[in-house]
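Structure file data-v2.txt (compact mmCIF, N, CA and C atoms and all ligand atoms) follows.
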```txt
# COMPACT_ATOMS: atom_id res chain seq x y z
N MET A 1 0.86 -1.20 0.00
CA MET A 1 0.00 0.00 0.00
C MET A 1 0.89 1.24 0.00
N SER A 2 0.57 2.22 -0.85
CA SER A 2 1.40 3.41 -0.96
C SER A 2 0.98 4.45 0.06
N THR A 3 1.95 5.23 0.52
CA THR A 3 1.67 6.29 1.48
C THR A 3 1.17 7.51 0.71
N PRO A 4 0.50 8.45 1.36
CA PRO A 4 0.04 9.67 0.66
C PRO A 4 1.21 10.43 0.05
N GLU A 5 2.40 10.43 0.74
CA GLU A 5 3.56 11.17 0.25
C GLU A 5 4.02 10.63 -1.10
N SER A 6 4.15 9.30 -1.22
CA SER A 6 4.67 8.71 -2.45
C SER A 6 3.69 8.88 -3.61
N ASN A 7 2.47 9.22 -3.28
CA ASN A 7 1.43 9.33 -4.31
C ASN A 7 1.16 10.80 -4.68
N GLN A 8 1.97 11.71 -4.10
CA GLN A 8 1.70 13.14 -4.28
C GLN A 8 1.69 13.56 -5.75
N GLY A 9 0.69 14.29 -6.15
CA GLY A 9 0.64 14.82 -7.49
C GLY A 9 0.22 13.82 -8.55
N LYS A 10 0.05 12.59 -8.16
CA LYS A 10 -0.36 11.57 -9.14
C LYS A 10 -1.79 11.13 -8.85
N PRO A 11 -2.53 10.84 -9.90
CA PRO A 11 -3.88 10.29 -9.65
C PRO A 11 -3.75 8.89 -9.06
N PRO A 12 -4.72 8.47 -8.30
CA PRO A 12 -4.65 7.11 -7.74
C PRO A 12 -4.57 6.07 -8.86
N ARG A 13 -3.64 5.15 -8.70
CA ARG A 13 -3.43 4.13 -9.72
C ARG A 13 -4.47 3.02 -9.55
N PRO A 14 -5.19 2.68 -10.64
CA PRO A 14 -6.14 1.58 -10.47
C PRO A 14 -5.39 0.28 -10.16
N SER A 15 -5.94 -0.50 -9.26
CA SER A 15 -5.27 -1.73 -8.84
C SER A 15 -5.42 -2.79 -9.92
N ALA A 16 -4.27 -3.25 -10.44
CA ALA A 16 -4.29 -4.29 -11.46
C ALA A 16 -4.15 -5.68 -10.83
N ALA A 17 -3.59 -5.70 -9.61
CA ALA A 17 -3.36 -6.99 -8.95
C ALA A 17 -4.69 -7.63 -8.57
N PRO A 18 -4.77 -8.96 -8.64
CA PRO A 18 -6.00 -9.62 -8.20
C PRO A 18 -6.18 -9.44 -6.69
N PRO A 19 -7.40 -9.38 -6.21
CA PRO A 19 -7.61 -9.19 -4.77
C PRO A 19 -7.04 -10.37 -3.98
N ALA A 20 -6.52 -10.06 -2.80
CA ALA A 20 -5.92 -11.10 -1.96
C ALA A 20 -7.02 -11.99 -1.39
N PRO A 21 -6.65 -13.25 -1.04
CA PRO A 21 -7.66 -14.12 -0.41
C PRO A 21 -8.22 -13.46 0.84
N ARG A 22 -9.47 -13.71 1.09
CA ARG A 22 -10.17 -13.05 2.17
C ARG A 22 -9.64 -13.47 3.54
N GLN A 23 -9.39 -12.47 4.40
CA GLN A 23 -9.06 -12.73 5.80
C GLN A 23 -10.38 -12.71 6.58
N ILE A 24 -10.51 -13.62 7.51
CA ILE A 24 -11.72 -13.65 8.34
C ILE A 24 -11.48 -12.79 9.57
N PRO A 25 -12.24 -11.71 9.74
CA PRO A 25 -12.00 -10.85 10.91
C PRO A 25 -12.29 -11.60 12.22
N ALA A 26 -11.52 -11.29 13.25
CA ALA A 26 -11.74 -11.93 14.56
C ALA A 26 -13.11 -11.55 15.10
N PRO A 27 -13.86 -12.53 15.63
CA PRO A 27 -15.19 -12.21 16.17
C PRO A 27 -15.08 -11.36 17.44
N ARG A 28 -16.08 -10.55 17.68
CA ARG A 28 -16.17 -9.78 18.92
C ARG A 28 -16.80 -10.71 19.95
N VAL A 29 -16.09 -10.94 21.04
CA VAL A 29 -16.54 -11.91 22.04
C VAL A 29 -17.05 -11.19 23.28
N LEU A 30 -18.30 -11.43 23.62
CA LEU A 30 -18.90 -10.89 24.84
C LEU A 30 -18.88 -11.97 25.91
N PRO A 31 -18.96 -11.57 27.19
CA PRO A 31 -18.95 -12.58 28.26
C PRO A 31 -20.01 -13.67 28.04
N GLU A 32 -21.18 -13.31 27.56
CA GLU A 32 -22.24 -14.31 27.41
C GLU A 32 -22.01 -15.25 26.23
N SER A 33 -21.05 -14.92 25.34
CA SER A 33 -20.75 -15.82 24.23
C SER A 33 -19.35 -16.44 24.33
N GLN A 34 -18.65 -16.20 25.45
CA GLN A 34 -17.28 -16.72 25.61
C GLN A 34 -17.22 -18.24 25.42
N ALA A 35 -18.14 -18.97 26.03
CA ALA A 35 -18.12 -20.44 25.96
C ALA A 35 -18.31 -20.91 24.51
N TYR A 36 -19.12 -20.16 23.76
CA TYR A 36 -19.37 -20.49 22.36
C TYR A 36 -18.07 -20.47 21.55
N TRP A 37 -17.27 -19.40 21.78
CA TRP A 37 -16.03 -19.25 21.02
C TRP A 37 -14.94 -20.19 21.51
N THR A 38 -14.91 -20.47 22.80
CA THR A 38 -13.96 -21.44 23.34
C THR A 38 -14.23 -22.82 22.74
N ALA A 39 -15.51 -23.19 22.65
CA ALA A 39 -15.89 -24.48 22.05
C ALA A 39 -15.54 -24.50 20.57
N ALA A 40 -15.74 -23.38 19.88
CA ALA A 40 -15.41 -23.31 18.45
C ALA A 40 -13.92 -23.60 18.23
N ASP A 41 -13.08 -23.10 19.14
CA ASP A 41 -11.64 -23.38 19.04
C ASP A 41 -11.35 -24.86 19.19
N GLU A 42 -12.25 -25.58 19.88
CA GLU A 42 -12.09 -27.03 20.08
C GLU A 42 -12.85 -27.82 19.02
N GLY A 43 -13.43 -27.13 18.03
CA GLY A 43 -14.14 -27.82 16.95
C GLY A 43 -15.53 -28.27 17.34
N ARG A 44 -16.14 -27.58 18.31
CA ARG A 44 -17.50 -27.93 18.74
C ARG A 44 -18.41 -26.72 18.56
N LEU A 45 -19.62 -26.99 18.06
CA LEU A 45 -20.60 -25.93 17.87
C LEU A 45 -21.63 -25.99 19.00
N LEU A 46 -21.73 -24.91 19.75
CA LEU A 46 -22.69 -24.86 20.86
C LEU A 46 -23.90 -24.00 20.49
N VAL A 47 -25.04 -24.36 21.04
CA VAL A 47 -26.23 -23.50 20.95
C VAL A 47 -26.81 -23.39 22.36
N LYS A 48 -27.53 -22.31 22.58
CA LYS A 48 -28.17 -22.10 23.87
C LYS A 48 -29.58 -22.69 23.84
N LYS A 49 -29.94 -23.39 24.93
CA LYS A 49 -31.30 -23.90 25.07
C LYS A 49 -31.87 -23.38 26.38
N CYS A 50 -33.12 -22.98 26.33
CA CYS A 50 -33.80 -22.46 27.52
C CYS A 50 -34.42 -23.62 28.29
N LYS A 51 -34.09 -23.69 29.59
CA LYS A 51 -34.64 -24.76 30.42
C LYS A 51 -36.08 -24.48 30.83
N ALA A 52 -36.50 -23.22 30.71
CA ALA A 52 -37.86 -22.87 31.10
C ALA A 52 -38.86 -23.19 29.99
N CYS A 53 -38.55 -22.79 28.74
CA CYS A 53 -39.51 -22.99 27.65
C CYS A 53 -39.07 -24.06 26.65
N GLY A 54 -37.81 -24.53 26.76
CA GLY A 54 -37.35 -25.62 25.91
C GLY A 54 -36.91 -25.22 24.52
N GLU A 55 -36.91 -23.89 24.23
CA GLU A 55 -36.54 -23.43 22.89
C GLU A 55 -35.02 -23.19 22.81
N PHE A 56 -34.46 -23.51 21.62
CA PHE A 56 -33.08 -23.13 21.32
C PHE A 56 -33.06 -21.68 20.83
N HIS A 57 -31.94 -21.00 21.03
CA HIS A 57 -31.77 -19.70 20.39
C HIS A 57 -30.33 -19.48 19.96
N HIS A 58 -30.14 -18.56 19.06
CA HIS A 58 -28.83 -18.15 18.56
C HIS A 58 -29.01 -16.72 18.06
N TYR A 59 -28.10 -15.84 18.28
CA TYR A 59 -26.81 -15.84 18.90
C TYR A 59 -26.93 -16.07 20.43
N PRO A 60 -25.87 -16.66 21.06
CA PRO A 60 -25.98 -16.99 22.48
C PRO A 60 -26.25 -15.77 23.37
N ARG A 61 -27.24 -15.89 24.23
CA ARG A 61 -27.58 -14.82 25.17
C ARG A 61 -27.85 -15.42 26.55
N ASP A 62 -27.68 -14.60 27.56
CA ASP A 62 -27.95 -15.06 28.92
C ASP A 62 -29.45 -15.16 29.17
N VAL A 63 -30.22 -14.32 28.48
CA VAL A 63 -31.67 -14.28 28.69
C VAL A 63 -32.36 -14.88 27.46
N CYS A 64 -33.27 -15.82 27.68
CA CYS A 64 -33.98 -16.45 26.57
C CYS A 64 -34.81 -15.41 25.81
N PRO A 65 -34.61 -15.29 24.48
CA PRO A 65 -35.38 -14.30 23.72
C PRO A 65 -36.85 -14.70 23.54
N HIS A 66 -37.19 -15.96 23.86
CA HIS A 66 -38.57 -16.43 23.69
C HIS A 66 -39.42 -16.13 24.91
N CYS A 67 -38.83 -16.35 26.11
CA CYS A 67 -39.66 -16.21 27.32
C CYS A 67 -39.00 -15.34 28.40
N LEU A 68 -37.79 -14.81 28.10
CA LEU A 68 -37.05 -13.92 29.00
C LEU A 68 -36.55 -14.61 30.28
N SER A 69 -36.56 -15.94 30.29
CA SER A 69 -35.99 -16.65 31.43
C SER A 69 -34.48 -16.54 31.39
N VAL A 70 -33.83 -16.52 32.57
CA VAL A 70 -32.37 -16.54 32.63
C VAL A 70 -31.86 -17.96 32.81
N ASP A 71 -32.78 -18.93 32.82
CA ASP A 71 -32.43 -20.33 33.04
C ASP A 71 -32.10 -21.00 31.70
N THR A 72 -30.93 -20.63 31.15
CA THR A 72 -30.52 -21.19 29.85
C THR A 72 -29.28 -22.06 30.04
N GLU A 73 -29.08 -22.99 29.12
CA GLU A 73 -27.91 -23.87 29.21
C GLU A 73 -27.31 -24.07 27.82
N TRP A 74 -26.02 -24.46 27.81
CA TRP A 74 -25.32 -24.76 26.56
C TRP A 74 -25.62 -26.19 26.15
N ARG A 75 -25.86 -26.38 24.86
CA ARG A 75 -25.98 -27.72 24.30
C ARG A 75 -25.05 -27.83 23.11
N GLN A 76 -24.44 -28.99 22.93
CA GLN A 76 -23.62 -29.17 21.74
C GLN A 76 -24.53 -29.48 20.56
N ALA A 77 -24.42 -28.68 19.50
CA ALA A 77 -25.24 -28.88 18.31
C ALA A 77 -24.69 -30.06 17.50
N ALA A 78 -25.58 -30.67 16.71
CA ALA A 78 -25.16 -31.78 15.85
C ALA A 78 -24.15 -31.30 14.81
N GLY A 79 -24.22 -30.00 14.48
CA GLY A 79 -23.28 -29.46 13.50
C GLY A 79 -23.74 -29.64 12.07
N THR A 80 -24.99 -30.05 11.91
CA THR A 80 -25.56 -30.20 10.56
C THR A 80 -26.81 -29.35 10.44
N GLY A 81 -27.12 -28.98 9.20
CA GLY A 81 -28.29 -28.16 8.96
C GLY A 81 -28.55 -28.06 7.47
N THR A 82 -29.34 -27.06 7.09
CA THR A 82 -29.65 -26.85 5.68
C THR A 82 -29.50 -25.37 5.34
N VAL A 83 -29.21 -25.11 4.08
CA VAL A 83 -29.05 -23.74 3.59
C VAL A 83 -30.44 -23.09 3.51
N TYR A 84 -30.59 -21.96 4.21
CA TYR A 84 -31.85 -21.19 4.14
C TYR A 84 -31.77 -20.17 3.01
N SER A 85 -30.63 -19.47 2.92
CA SER A 85 -30.39 -18.54 1.81
C SER A 85 -28.90 -18.27 1.75
N PHE A 86 -28.43 -17.77 0.61
CA PHE A 86 -27.01 -17.46 0.48
C PHE A 86 -26.79 -16.46 -0.64
N SER A 87 -25.63 -15.77 -0.57
CA SER A 87 -25.29 -14.78 -1.59
C SER A 87 -23.77 -14.65 -1.65
N THR A 88 -23.19 -14.69 -2.84
CA THR A 88 -21.75 -14.57 -2.99
C THR A 88 -21.37 -13.11 -3.19
N MET A 89 -20.40 -12.65 -2.39
CA MET A 89 -19.94 -11.26 -2.42
C MET A 89 -18.51 -11.25 -2.95
N GLY A 90 -18.13 -10.18 -3.66
CA GLY A 90 -16.76 -10.02 -4.12
C GLY A 90 -16.45 -10.91 -5.31
N LYS A 91 -15.17 -10.85 -5.70
CA LYS A 91 -14.76 -11.57 -6.91
C LYS A 91 -13.45 -12.30 -6.68
N GLY A 92 -13.19 -13.28 -7.53
CA GLY A 92 -11.91 -13.98 -7.54
C GLY A 92 -11.59 -14.61 -6.20
N GLU A 93 -10.30 -14.51 -5.83
CA GLU A 93 -9.82 -15.10 -4.59
C GLU A 93 -10.49 -14.49 -3.36
N ALA A 94 -10.93 -13.24 -3.47
CA ALA A 94 -11.51 -12.54 -2.33
C ALA A 94 -13.00 -12.82 -2.17
N ALA A 95 -13.59 -13.54 -3.10
CA ALA A 95 -15.03 -13.81 -3.02
C ALA A 95 -15.36 -14.68 -1.81
N TYR A 96 -16.49 -14.42 -1.22
CA TYR A 96 -16.97 -15.28 -0.14
C TYR A 96 -18.48 -15.37 -0.23
N THR A 97 -19.03 -16.41 0.36
CA THR A 97 -20.46 -16.66 0.25
C THR A 97 -21.11 -16.58 1.62
N LEU A 98 -21.86 -15.50 1.82
CA LEU A 98 -22.63 -15.33 3.05
C LEU A 98 -23.84 -16.24 2.98
N ALA A 99 -24.22 -16.81 4.12
CA ALA A 99 -25.38 -17.69 4.10
C ALA A 99 -26.10 -17.67 5.44
N PHE A 100 -27.39 -17.97 5.38
CA PHE A 100 -28.14 -18.32 6.58
C PHE A 100 -28.33 -19.82 6.54
N VAL A 101 -27.91 -20.48 7.63
CA VAL A 101 -28.03 -21.93 7.74
C VAL A 101 -28.92 -22.24 8.93
N THR A 102 -29.93 -23.08 8.69
CA THR A 102 -30.81 -23.52 9.77
C THR A 102 -30.29 -24.86 10.30
N LEU A 103 -29.94 -24.86 11.59
CA LEU A 103 -29.41 -26.07 12.22
C LEU A 103 -30.52 -27.08 12.49
N GLU A 104 -30.12 -28.34 12.71
CA GLU A 104 -31.05 -29.40 13.13
C GLU A 104 -31.87 -28.95 14.35
N GLU A 105 -31.20 -28.15 15.22
CA GLU A 105 -31.84 -27.70 16.46
C GLU A 105 -32.90 -26.63 16.20
N GLY A 106 -32.99 -26.13 14.96
CA GLY A 106 -34.05 -25.19 14.61
C GLY A 106 -33.67 -23.73 14.59
N VAL A 107 -32.44 -23.41 15.03
CA VAL A 107 -32.02 -22.01 14.99
C VAL A 107 -31.30 -21.73 13.68
N THR A 108 -31.34 -20.45 13.25
CA THR A 108 -30.70 -20.05 12.00
C THR A 108 -29.50 -19.17 12.31
N LEU A 109 -28.36 -19.50 11.71
CA LEU A 109 -27.12 -18.76 11.92
C LEU A 109 -26.77 -17.99 10.66
N MET A 110 -26.27 -16.77 10.83
CA MET A 110 -25.63 -16.09 9.71
C MET A 110 -24.18 -16.59 9.68
N THR A 111 -23.74 -17.09 8.52
CA THR A 111 -22.45 -17.75 8.45
C THR A 111 -21.90 -17.61 7.04
N ASN A 112 -20.88 -18.37 6.73
CA ASN A 112 -20.33 -18.41 5.36
C ASN A 112 -20.37 -19.85 4.88
N LEU A 113 -20.59 -20.03 3.58
CA LEU A 113 -20.39 -21.34 2.94
C LEU A 113 -18.97 -21.36 2.41
N VAL A 114 -18.24 -22.43 2.72
CA VAL A 114 -16.82 -22.50 2.34
C VAL A 114 -16.51 -23.85 1.71
N ASP A 115 -15.32 -23.92 1.09
CA ASP A 115 -14.81 -25.16 0.50
C ASP A 115 -15.80 -25.77 -0.50
N CYS A 116 -16.44 -24.90 -1.28
CA CYS A 116 -17.37 -25.40 -2.29
C CYS A 116 -17.52 -24.34 -3.37
N ASP A 117 -18.04 -24.76 -4.52
CA ASP A 117 -18.36 -23.82 -5.60
C ASP A 117 -19.79 -23.34 -5.37
N PRO A 118 -19.95 -22.03 -5.03
CA PRO A 118 -21.31 -21.55 -4.69
C PRO A 118 -22.33 -21.75 -5.81
N SER A 119 -21.84 -21.87 -7.07
CA SER A 119 -22.79 -22.04 -8.18
C SER A 119 -23.45 -23.41 -8.14
N THR A 120 -22.91 -24.32 -7.32
CA THR A 120 -23.49 -25.66 -7.20
C THR A 120 -24.37 -25.80 -5.96
N VAL A 121 -24.47 -24.72 -5.16
CA VAL A 121 -25.22 -24.78 -3.91
C VAL A 121 -26.69 -24.45 -4.17
N ALA A 122 -27.58 -25.12 -3.45
CA ALA A 122 -29.01 -24.88 -3.60
C ALA A 122 -29.63 -24.62 -2.23
N ILE A 123 -30.70 -23.83 -2.23
CA ILE A 123 -31.50 -23.63 -1.02
C ILE A 123 -31.99 -25.00 -0.54
N GLY A 124 -31.89 -25.23 0.75
CA GLY A 124 -32.36 -26.50 1.31
C GLY A 124 -31.31 -27.59 1.32
N GLN A 125 -30.15 -27.30 0.74
CA GLN A 125 -29.07 -28.29 0.68
C GLN A 125 -28.53 -28.60 2.09
N PRO A 126 -28.28 -29.89 2.38
CA PRO A 126 -27.68 -30.23 3.67
C PRO A 126 -26.22 -29.75 3.75
N VAL A 127 -25.86 -29.19 4.88
CA VAL A 127 -24.50 -28.71 5.11
C VAL A 127 -24.04 -29.16 6.50
N ARG A 128 -22.73 -29.12 6.69
CA ARG A 128 -22.17 -29.45 8.01
C ARG A 128 -21.16 -28.38 8.39
N VAL A 129 -20.96 -28.25 9.70
CA VAL A 129 -20.08 -27.19 10.19
C VAL A 129 -18.61 -27.55 9.98
N VAL A 130 -17.82 -26.54 9.65
CA VAL A 130 -16.36 -26.64 9.67
C VAL A 130 -15.87 -25.38 10.39
N PHE A 131 -14.69 -25.42 10.96
CA PHE A 131 -14.20 -24.27 11.73
C PHE A 131 -13.00 -23.67 11.02
N LYS A 132 -13.06 -22.36 10.80
CA LYS A 132 -12.00 -21.67 10.07
C LYS A 132 -11.33 -20.65 10.99
N PRO A 133 -9.99 -20.58 10.93
CA PRO A 133 -9.29 -19.62 11.80
C PRO A 133 -9.60 -18.18 11.37
N SER A 134 -9.78 -17.31 12.34
CA SER A 134 -9.94 -15.88 12.03
C SER A 134 -8.60 -15.19 12.26
N GLU A 135 -8.54 -13.95 11.85
CA GLU A 135 -7.31 -13.18 11.95
C GLU A 135 -7.00 -12.87 13.41
N GLY A 136 -6.11 -13.66 14.01
CA GLY A 136 -5.69 -13.40 15.38
C GLY A 136 -6.76 -13.64 16.43
N GLY A 137 -7.81 -14.40 16.09
CA GLY A 137 -8.88 -14.61 17.05
C GLY A 137 -9.34 -16.06 17.07
N HIS A 138 -10.57 -16.24 17.52
CA HIS A 138 -11.13 -17.58 17.65
C HIS A 138 -11.42 -18.20 16.28
N ALA A 139 -11.56 -19.52 16.28
CA ALA A 139 -12.06 -20.23 15.11
C ALA A 139 -13.52 -19.84 14.90
N VAL A 140 -13.94 -19.76 13.64
CA VAL A 140 -15.28 -19.30 13.30
C VAL A 140 -16.04 -20.45 12.64
N PRO A 141 -17.23 -20.77 13.16
CA PRO A 141 -18.03 -21.84 12.53
C PRO A 141 -18.54 -21.38 11.15
N MET A 142 -18.26 -22.20 10.15
CA MET A 142 -18.76 -21.97 8.80
C MET A 142 -19.30 -23.31 8.29
N PHE A 143 -19.88 -23.29 7.09
CA PHE A 143 -20.54 -24.53 6.65
C PHE A 143 -20.11 -24.91 5.24
N THR A 144 -20.13 -26.22 5.00
CA THR A 144 -19.75 -26.78 3.71
C THR A 144 -20.77 -27.86 3.35
N PRO A 145 -20.98 -28.14 2.06
CA PRO A 145 -21.97 -29.17 1.71
C PRO A 145 -21.67 -30.49 2.44
N ALA A 146 -22.72 -31.12 2.96
CA ALA A 146 -22.55 -32.35 3.75
C ALA A 146 -22.32 -33.55 2.84
ZN ZN B 201 -37.32 -19.57 27.17
```
So that I can check it, write out the structure of this file as structure tokens.
Ligand SMILES: [Zn+2]
Amino acid sequence: MSTPESNQGKPPRPSAAPPAPRQIPAPRVLPESQAYWTAADEGRLLVKKCKACGEFHHYPRDVCPHCLSVDTEWRQAAGTGTVYSFSTMGKGEAAYTLAFVTLEEGVTLMTNLVDCDPSTVAIGQPVRVVFKPSEGGHAVPMFTPA
């Protein structure tokens, strides 16, 4: 990357180089989601289940979004689900595919589809979790065709 000084008096040069492979930004970890990210580093996908109403929820919260009970517990998810929707962003090496995946447990995660050609992916397709390292942070759950 050029500094402003080296670029003085010249118009910005259009970038001819192909975009670099995408770096996954480190997730922001809150106390109520710490266990989720620790488990992700161990290759396990956790979801929160409410002991009062029996519903699963995601993203992990201390208070159940269905009934406002604080009596929630961690459950290990099966790690399988189906594609609810997806969209590929960017081009070339930097392209990535954002997706909503509905887990067996019934909750829907915003995630990425990885290790696949997005043009072959279909809504409703079975997928399984894989964990990808983020830039200097925790492993991030993403999904690939099952
Ligand atoms: Zn509840």
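We find atom CA of A:Val129 and atom CA of A:His58 to be spaced 15.1 Å apart.
With all atoms listed in the file as the atoms that count, the minimum distance from ligand ZN 201 (chain B) to the choices A:Met89, A:Cys53, A:Val63, A:Leu113 is reached by A:Cys53.
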Task: Residues within 8 Å of ligand ZN 201 (chain B), counting all atoms listed in the file, as JSON, numbers by chain - done: {"A": [49, 50, 51, 52, 53, 54, 55, 56, 63, 64, 65, 66, 67, 68, 69, 70, 71, 72]}
Open item on the list: I'd like the neighbourhood of A:Glu104 as a ChimeraX atom specification, where a residue qualifies if any of its atoms comes within 8 Å (using all atoms listed in the file), though same-chain residues fewer than 6 positions away should be ignored.
Closed with: /A:77-82
- [ ] Measure the distance from atom CA of A:Gly106 to atom CA of A:Met142 in Å and round it to one decimal.
- [x] 16.7 Å
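As for atom N of A:Leu109 and atom C of A:Val83, they are spaced 9.2 Å apart.
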Open item on the list: When DSSP is applied to the backbone of this structure, which of chain A are assigned strand (DSSP E)? Write them out as a VMD selection string.
Closed with: chain A and resid 46 to 50 56 to 57 72 to 76 80 to 89 96 to 103 108 to 113 126 to 133 139 to 145
Mind writing the picked residues with N, CA and C atoms as a short mmCIF file (atom, residue, chain, number, x, y, z; two decimals), in the coordinates of the input?
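And here is the file that came out, part32.cif:
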```cif
data_model
loop_
_atom_site.label_atom_id
_atom_site.label_comp_id
_atom_site.auth_asym_id
_atom_site.auth_seq_id
_atom_site.Cartn_x
_atom_site.Cartn_y
_atom_site.Cartn_z
N LEU A 46 -21.73 -24.91 19.75
CA LEU A 46 -22.69 -24.86 20.86
C LEU A 46 -23.90 -24.00 20.49
N VAL A 47 -25.04 -24.36 21.04
CA VAL A 47 -26.23 -23.50 20.95
C VAL A 47 -26.81 -23.39 22.36
N LYS A 48 -27.53 -22.31 22.58
CA LYS A 48 -28.17 -22.10 23.87
C LYS A 48 -29.58 -22.69 23.84
N LYS A 49 -29.94 -23.39 24.93
CA LYS A 49 -31.30 -23.90 25.07
C LYS A 49 -31.87 -23.38 26.38
N CYS A 50 -33.12 -22.98 26.33
CA CYS A 50 -33.80 -22.46 27.52
C CYS A 50 -34.42 -23.62 28.29
N PHE A 56 -34.46 -23.51 21.62
CA PHE A 56 -33.08 -23.13 21.32
C PHE A 56 -33.06 -21.68 20.83
N HIS A 57 -31.94 -21.00 21.03
CA HIS A 57 -31.77 -19.70 20.39
C HIS A 57 -30.33 -19.48 19.96
N THR A 72 -30.93 -20.63 31.15
CA THR A 72 -30.52 -21.19 29.85
C THR A 72 -29.28 -22.06 30.04
N GLU A 73 -29.08 -22.99 29.12
CA GLU A 73 -27.91 -23.87 29.21
C GLU A 73 -27.31 -24.07 27.82
N TRP A 74 -26.02 -24.46 27.81
CA TRP A 74 -25.32 -24.76 26.56
C TRP A 74 -25.62 -26.19 26.15
N ARG A 75 -25.86 -26.38 24.86
CA ARG A 75 -25.98 -27.72 24.30
C ARG A 75 -25.05 -27.83 23.11
N GLN A 76 -24.44 -28.99 22.93
CA GLN A 76 -23.62 -29.17 21.74
C GLN A 76 -24.53 -29.48 20.56
N THR A 80 -24.99 -30.05 11.91
CA THR A 80 -25.56 -30.20 10.56
C THR A 80 -26.81 -29.35 10.44
N GLY A 81 -27.12 -28.98 9.20
CA GLY A 81 -28.29 -28.16 8.96
C GLY A 81 -28.55 -28.06 7.47
N THR A 82 -29.34 -27.06 7.09
CA THR A 82 -29.65 -26.85 5.68
C THR A 82 -29.50 -25.37 5.34
N VAL A 83 -29.21 -25.11 4.08
CA VAL A 83 -29.05 -23.74 3.59
C VAL A 83 -30.44 -23.09 3.51
N TYR A 84 -30.59 -21.96 4.21
CA TYR A 84 -31.85 -21.19 4.14
C TYR A 84 -31.77 -20.17 3.01
N SER A 85 -30.63 -19.47 2.92
CA SER A 85 -30.39 -18.54 1.81
C SER A 85 -28.90 -18.27 1.75
N PHE A 86 -28.43 -17.77 0.61
CA PHE A 86 -27.01 -17.46 0.48
C PHE A 86 -26.79 -16.46 -0.64
N SER A 87 -25.63 -15.77 -0.57
CA SER A 87 -25.29 -14.78 -1.59
C SER A 87 -23.77 -14.65 -1.65
N THR A 88 -23.19 -14.69 -2.84
CA THR A 88 -21.75 -14.57 -2.99
C THR A 88 -21.37 -13.11 -3.19
N MET A 89 -20.40 -12.65 -2.39
CA MET A 89 -19.94 -11.26 -2.42
C MET A 89 -18.51 -11.25 -2.95
N TYR A 96 -16.49 -14.42 -1.22
CA TYR A 96 -16.97 -15.28 -0.14
C TYR A 96 -18.48 -15.37 -0.23
N THR A 97 -19.03 -16.41 0.36
CA THR A 97 -20.46 -16.66 0.25
C THR A 97 -21.11 -16.58 1.62
N LEU A 98 -21.86 -15.50 1.82
CA LEU A 98 -22.63 -15.33 3.05
C LEU A 98 -23.84 -16.24 2.98
N ALA A 99 -24.22 -16.81 4.12
CA ALA A 99 -25.38 -17.69 4.10
C ALA A 99 -26.10 -17.67 5.44
N PHE A 100 -27.39 -17.97 5.38
CA PHE A 100 -28.14 -18.32 6.58
C PHE A 100 -28.33 -19.82 6.54
N VAL A 101 -27.91 -20.48 7.63
CA VAL A 101 -28.03 -21.93 7.74
C VAL A 101 -28.92 -22.24 8.93
N THR A 102 -29.93 -23.08 8.69
CA THR A 102 -30.81 -23.52 9.77
C THR A 102 -30.29 -24.86 10.30
N LEU A 103 -29.94 -24.86 11.59
CA LEU A 103 -29.41 -26.07 12.22
C LEU A 103 -30.52 -27.08 12.49
N THR A 108 -31.34 -20.45 13.25
CA THR A 108 -30.70 -20.05 12.00
C THR A 108 -29.50 -19.17 12.31
N LEU A 109 -28.36 -19.50 11.71
CA LEU A 109 -27.12 -18.76 11.92
C LEU A 109 -26.77 -17.99 10.66
N MET A 110 -26.27 -16.77 10.83
CA MET A 110 -25.63 -16.09 9.71
C MET A 110 -24.18 -16.59 9.68
N THR A 111 -23.74 -17.09 8.52
CA THR A 111 -22.45 -17.75 8.45
C THR A 111 -21.90 -17.61 7.04
N ASN A 112 -20.88 -18.37 6.73
CA ASN A 112 -20.33 -18.41 5.36
C ASN A 112 -20.37 -19.85 4.88
N LEU A 113 -20.59 -20.03 3.58
CA LEU A 113 -20.39 -21.34 2.94
C LEU A 113 -18.97 -21.36 2.41
N PRO A 126 -28.28 -29.89 2.38
CA PRO A 126 -27.68 -30.23 3.67
C PRO A 126 -26.22 -29.75 3.75
N VAL A 127 -25.86 -29.19 4.88
CA VAL A 127 -24.50 -28.71 5.11
C VAL A 127 -24.04 -29.16 6.50
N ARG A 128 -22.73 -29.12 6.69
CA ARG A 128 -22.17 -29.45 8.01
C ARG A 128 -21.16 -28.38 8.39
N VAL A 129 -20.96 -28.25 9.70
CA VAL A 129 -20.08 -27.19 10.19
C VAL A 129 -18.61 -27.55 9.98
N VAL A 130 -17.82 -26.54 9.65
CA VAL A 130 -16.36 -26.64 9.67
C VAL A 130 -15.87 -25.38 10.39
N PHE A 131 -14.69 -25.42 10.96
CA PHE A 131 -14.20 -24.27 11.73
C PHE A 131 -13.00 -23.67 11.02
N LYS A 132 -13.06 -22.36 10.80
CA LYS A 132 -12.00 -21.67 10.07
C LYS A 132 -11.33 -20.65 10.99
N PRO A 133 -9.99 -20.58 10.93
CA PRO A 133 -9.29 -19.62 11.80
C PRO A 133 -9.60 -18.18 11.37
N ALA A 139 -11.56 -19.52 16.28
CA ALA A 139 -12.06 -20.23 15.11
C ALA A 139 -13.52 -19.84 14.90
N VAL A 140 -13.94 -19.76 13.64
CA VAL A 140 -15.28 -19.30 13.30
C VAL A 140 -16.04 -20.45 12.64
N PRO A 141 -17.23 -20.77 13.16
CA PRO A 141 -18.03 -21.84 12.53
C PRO A 141 -18.54 -21.38 11.15
N MET A 142 -18.26 -22.20 10.15
CA MET A 142 -18.76 -21.97 8.80
C MET A 142 -19.30 -23.31 8.29
N PHE A 143 -19.88 -23.29 7.09
CA PHE A 143 -20.54 -24.53 6.65
C PHE A 143 -20.11 -24.91 5.24
N THR A 144 -20.13 -26.22 5.00
CA THR A 144 -19.75 -26.78 3.71
C THR A 144 -20.77 -27.86 3.35
N PRO A 145 -20.98 -28.14 2.06
CA PRO A 145 -21.97 -29.17 1.71
C PRO A 145 -21.67 -30.49 2.44
#
```
Open item on the list: Need to verify the contact set: A:Pro141, 6 Å, all atoms listed in the file, exclusion of same-chain residues closer than 3 positions in sequence. Can you return it as a ChimeraX atom specification?
Closed with: /A:111-112,130-132
